[in-house]
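Enquirer: I'd like to ask you about the structure that follows.
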Amino acid sequence: MPETIENWGRNVRFTPEEVFKPPTEAELLAFLNKHNNPDRSVRALGAKYSWSEVVACNDVLIDLGGLDTGVHVHHEAGGKAWAEIGANGRVKQVLSELDRQGGYTLPAYGILDALSIAGSVATATHGSGRASLAHYVTGVRAAAYDAARNEARIYEWNDGIELQAARCALGCMGLLLSLRFDLEPRFLLEEQLQKCESISEALKKQDEYPLQQFYLVPWSWRWLAQCRRRAEEGRNASWYAGVYRWYRYIVVEVVFHKILTWLTKLPFKKRAAMYALYRWVFPVLTLSFLKKGLKVTDRAERLLTLSHDLFQHLEMELFVPAEHVGDAAEFVKEVLRYCGSKLPKVPSSLREKLEQTGGRPELERLRNSYVHDYLITFRHVLPDETLISMSGGDKGDEKKARYAISLITYDSDHYPFLAVCRFLAVAMAKLFDARPHWGKICPLGAGQLEELYPRLAEFREQCLAVDPKGVFQNEFTRQKLGC
């Protein structure tokens, strides 16, 4: 009997007719030849940490865990090092293995190290202060179709538009087998928590702390910056770095999130509960570090990653050009305040922008419908050399750095959050050129996304070249990419 696949966030479920785990690449190619049919979809099973339906497939799901998931480090003259990494390897294991094989690390990665390398690349997963991981891919091996011979084969892309397309392809350029990255020496990171009076103050810290991320704290509407930069050469990890890691894990990642999850289940007075949490409880949890101005120096992967998968949640992330981030932040704040209030009228601060989008009636319907329950996170992402990543896909000299604005809920009732996400995604696409993350809640359709991604048509051409029958497409890619 077919097994139902459920993503980690429990908002996506599907039942494929068949799950195939090829033991060799030759058997994978033979299987693809058998399923070279436009009426059936073939998708790759990743780590199931996507909140969108990018993986969902009711036909054939491929589990690549039986193929090589290893890390193979190579050295060149002059000290340069690069690695060929099995696409199904998990980020945490990859980082550990790179360190073991010579003290190396990846150029970038997201905060969740449970993701697969292939999934991280396919959806352009990012951290803060650098481009996405996809940008740093220097070579791809993938199984796809040869249109001329009408059969499956292994492609190797090391440059050109094919590589740009494969770097963030949402599974549409075939099944990723291995990825190549230039490596960097492992480094230490310095981190300090600082209060900010405004987003302008947080943005001014960017030059001094290029790897920082900062937060808008809901219901107190204060700003908090996690100031980060590379530690100076010769520095050692702080003697209290281990204590800080345990504090962060127990107090922030476990205790705080347990309280938060419990409060989201309250049948009434939810706004008062969130107000109390962020006005009084949250400051107490961070007080000692803010008051003493404590700086912690530790291994980068220990500070840049979190156990964000301990408690189920839903997330939407919108990428806005850096020049719009201040206005976008104010818009998000005012919308969330209004949706969690009983105000009879839309605030004047929103009316002018709503006139540009025509969204006032929809926002009025959202009044007093949703109480936001988690910090709004801002991360600076440099431009990618890709066709459709959220911080790439710009033409010519128009390449823009963007800020990723992350909205998360821990409430098990998803509908109010999804309704607000849809409003914000549509309005902010019109107002701020905001692009939703492909692997998270993505409320926009193909027409809206076509306006946001000027190289989307080029991407479709590359997909057609290696998948003329659309075997690697699913409902999500057809609806979002117009494939």
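Every chain in the structure tokens has a letter given in the order shown (A, B, ...), and although residue numbers restart at 1 in each chain, ligands are simply numbered from 1 in the order shown.
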Write out as a PyMOL selection string all residues of segment 95-166 of chain A that DSSP puts in strand (DSSP E or B) for this structure's backbone.
Expert: chain A and resi 104-105+116+137-146+151-157
Enquirer: Please report, as a tab-separated table, each residue of segment 340-450 of chain A lying at most 12 Å from segment 185-207 of chain A, together with the nearest pair of atoms and the separation in Å rounded to one decimal; use only C-alpha atoms, and order rows by chain and ascending residue number.
Expert:
```
residue	atom	partner	partner_atom	distance
A:Thr377	CA	A:Ile199	CA	11.7
A:Phe378	CA	A:Ile199	CA	9.9
A:Arg379	CA	A:Gln206	CA	10.4
A:His380	CA	A:Gln206	CA	8.6
A:Val381	CA	A:Gln206	CA	11.6
A:Tyr403	CA	A:Leu203	CA	10.6
```
Enquirer: What does the distance from atom CA of Ser389 of chain A to atom CA of Cys168 of chain A come to in Å, to one decimal?
Expert: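 These atoms are spaced 5.8 Å apart.
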Enquirer: Which polymer residues have any atom within 8 Å of an atom of Trp157 of chain A, counting only C-alpha atoms, with same-chain residues fewer than 2 positions away left out, as a list of chain:residue names?
Expert: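 What passes the distance filter is A:Gly139, A:Val140, A:Arg141, A:Tyr155, A:Asp159, A:Gly160, A:Glu162, A:Leu163.
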Enquirer: Work out how far apart atom CA of Gln93 of chain A and atom CA of Thr15 of chain A are and give it in Å to one decimal.
Expert: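 Atom-to-atom, atom CA of Gln93 of chain A to atom CA of Thr15 of chain A, that is 29.0 Å.
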Enquirer: Please identify all polymer residues within 12 Å of segment 242-249 of chain A, counting only C-alpha atoms, omitting same-chain residues fewer than 3 positions from it, and present them as a PyMOL selection string.
Expert: chain A and resi 191-192+237-239+252-257+285-286+288-289+294-299+301-308+310
Enquirer: Using only C-alpha atoms, can you tell me which of A:Tyr415, A:Asn88, A:Tyr209, A:Val121 comes closest to Ala169 of chain A?
Expert: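 So, comparing all the options, the nearest one is A:Val121.
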Enquirer: Need the shell around Ala419 of chain A: protein/DNA/RNA residues with any atom at most 12 Å away, counting only C-alpha atoms. Skip same-chain ones fewer than 3 positions apart. Format as an MDAnalysis selection string?
Expert: chainID A and resid 316 336 339 362:363 365:367 369:370 413:416 422:426 441:443
Enquirer: Would you mind exporting N, CA and C atoms of the selected residues as a PDB file, in the first residue's frame?
Expert:
```pdb
ATOM      1  N   MET A 316       7.113  31.851   6.087  1.00  0.00           N
ATOM      2  CA  MET A 316       7.177  32.516   4.797  1.00  0.00           C
ATOM      3  C   MET A 316       8.325  33.515   4.857  1.00  0.00           C
ATOM      4  N   LEU A 336       0.811  43.547  10.744  1.00  0.00           N
ATOM      5  CA  LEU A 336       0.689  42.575  11.836  1.00  0.00           C
ATOM      6  C   LEU A 336      -0.010  43.192  13.044  1.00  0.00           C
ATOM      7  N   CYS A 339      -3.756  43.318  12.112  1.00  0.00           N
ATOM      8  CA  CYS A 339      -4.393  41.995  12.087  1.00  0.00           C
ATOM      9  C   CYS A 339      -4.604  41.427  13.487  1.00  0.00           C
ATOM     10  N   GLU A 362      -9.309  43.493   1.595  1.00  0.00           N
ATOM     11  CA  GLU A 362      -8.797  42.226   2.115  1.00  0.00           C
ATOM     12  C   GLU A 362      -8.174  42.425   3.487  1.00  0.00           C
ATOM     13  N   LEU A 363      -7.417  43.498   3.682  1.00  0.00           N
ATOM     14  CA  LEU A 363      -6.818  43.741   4.993  1.00  0.00           C
ATOM     15  C   LEU A 363      -7.895  43.957   6.043  1.00  0.00           C
ATOM     16  N   ARG A 365     -10.728  42.606   6.178  1.00  0.00           N
ATOM     17  CA  ARG A 365     -11.267  41.289   6.551  1.00  0.00           C
ATOM     18  C   ARG A 365     -10.341  40.542   7.508  1.00  0.00           C
ATOM     19  N   LEU A 366      -9.062  40.915   7.515  1.00  0.00           N
ATOM     20  CA  LEU A 366      -8.097  40.240   8.384  1.00  0.00           C
ATOM     21  C   LEU A 366      -8.029  40.860   9.779  1.00  0.00           C
ATOM     22  N   ARG A 367      -8.739  41.934   9.993  1.00  0.00           N
ATOM     23  CA  ARG A 367      -8.710  42.604  11.309  1.00  0.00           C
ATOM     24  C   ARG A 367      -9.094  41.633  12.427  1.00  0.00           C
ATOM     25  N   SER A 369      -7.890  38.889  13.323  1.00  0.00           N
ATOM     26  CA  SER A 369      -7.958  37.484  12.913  1.00  0.00           C
ATOM     27  C   SER A 369      -6.687  36.700  13.212  1.00  0.00           C
ATOM     28  N   TYR A 370      -5.583  37.419  13.461  1.00  0.00           N
ATOM     29  CA  TYR A 370      -4.298  36.721  13.596  1.00  0.00           C
ATOM     30  C   TYR A 370      -3.394  37.472  14.559  1.00  0.00           C
ATOM     31  N   ASP A 413      -2.889  26.077  14.301  1.00  0.00           N
ATOM     32  CA  ASP A 413      -3.963  26.509  13.412  1.00  0.00           C
ATOM     33  C   ASP A 413      -3.332  27.375  12.320  1.00  0.00           C
ATOM     34  N   HIS A 414      -3.117  26.801  11.158  1.00  0.00           N
ATOM     35  CA  HIS A 414      -2.361  27.467  10.107  1.00  0.00           C
ATOM     36  C   HIS A 414      -3.155  28.508   9.335  1.00  0.00           C
ATOM     37  N   TYR A 415      -4.463  28.382   9.298  1.00  0.00           N
ATOM     38  CA  TYR A 415      -5.251  29.194   8.373  1.00  0.00           C
ATOM     39  C   TYR A 415      -5.063  30.708   8.575  1.00  0.00           C
ATOM     40  N   PRO A 416      -5.155  31.239   9.806  1.00  0.00           N
ATOM     41  CA  PRO A 416      -4.976  32.703   9.967  1.00  0.00           C
ATOM     42  C   PRO A 416      -3.618  33.183   9.465  1.00  0.00           C
ATOM     43  N   ARG A 422      -0.648  35.471   2.537  1.00  0.00           N
ATOM     44  CA  ARG A 422      -1.101  35.736   1.174  1.00  0.00           C
ATOM     45  C   ARG A 422      -1.238  37.246   0.946  1.00  0.00           C
ATOM     46  N   PHE A 423      -1.833  37.938   1.922  1.00  0.00           N
ATOM     47  CA  PHE A 423      -1.984  39.389   1.771  1.00  0.00           C
ATOM     48  C   PHE A 423      -0.625  40.069   1.661  1.00  0.00           C
ATOM     49  N   LEU A 424       0.301  39.724   2.560  1.00  0.00           N
ATOM     50  CA  LEU A 424       1.615  40.364   2.554  1.00  0.00           C
ATOM     51  C   LEU A 424       2.379  40.063   1.269  1.00  0.00           C
ATOM     52  N   ALA A 425       2.331  38.812   0.808  1.00  0.00           N
ATOM     53  CA  ALA A 425       3.079  38.449  -0.397  1.00  0.00           C
ATOM     54  C   ALA A 425       2.580  39.220  -1.610  1.00  0.00           C
ATOM     55  N   VAL A 426       1.267  39.303  -1.766  1.00  0.00           N
ATOM     56  CA  VAL A 426       0.700  40.011  -2.922  1.00  0.00           C
ATOM     57  C   VAL A 426       0.990  41.509  -2.837  1.00  0.00           C
ATOM     58  N   ILE A 441       6.359  29.088   2.417  1.00  0.00           N
ATOM     59  CA  ILE A 441       5.017  29.437   1.954  1.00  0.00           C
ATOM     60  C   ILE A 441       5.145  30.394   0.779  1.00  0.00           C
ATOM     61  N   CYS A 442       4.586  29.999  -0.364  1.00  0.00           N
ATOM     62  CA  CYS A 442       4.750  30.773  -1.606  1.00  0.00           C
ATOM     63  C   CYS A 442       3.372  31.032  -2.201  1.00  0.00           C
ATOM     64  N   PRO A 443       2.697  32.114  -1.797  1.00  0.00           N
ATOM     65  CA  PRO A 443       1.290  32.330  -2.187  1.00  0.00           C
ATOM     66  C   PRO A 443       1.073  32.871  -3.605  1.00  0.00           C
TER      67      PRO A 443
END
```
Enquirer: Find the residue from A:Trp221, A:Tyr453, A:Tyr109, A:Tyr136 that sits nearest to Arg279 of chain A; use only C-alpha atoms when measuring.
Expert: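 Checking each of A:Trp221, A:Tyr453, A:Tyr109, A:Tyr136 against Arg279 of chain A, counting only C-alpha atoms, the winner is A:Trp221.
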Enquirer: Within 12 Å of segment 76-80 of chain A, counting only C-alpha atoms, which residues show up once you throw out same-chain ones fewer than 5 positions away? Write them as a ChimeraX atom specification, please.
Expert: /A:102,104,181-185
Enquirer: Please, could you write that set of residues out with C-alpha atoms as a short mmCIF file (atom, residue, chain, number, x, y, z; two decimals), in the first residue's frame?
Expert:
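Result went into out_31.cif, see below:
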```
data_model
loop_
_atom_site.label_atom_id
_atom_site.label_comp_id
_atom_site.auth_asym_id
_atom_site.auth_seq_id
_atom_site.Cartn_x
_atom_site.Cartn_y
_atom_site.Cartn_z
CA GLY A 102 41.53 19.49 6.53
CA TYR A 104 37.50 23.39 5.75
CA PHE A 181 32.15 23.76 -4.12
CA ASP A 182 35.33 25.74 -3.61
CA LEU A 183 36.12 25.48 0.08
CA GLU A 184 37.18 27.99 2.71
CA PRO A 185 39.27 27.41 5.81
#
```
Enquirer: Report as a PyMOL selection string all protein, DNA and RNA residues lying within 12 Å of Ile388 of chain A, evaluated on only C-alpha atoms, omitting residues in the same chain fewer than 4 positions from it.
Expert: chain A and resi 121-124+132+134-135+161+164-170+172+383-384+392-395+435-438+449-460+462+480-481
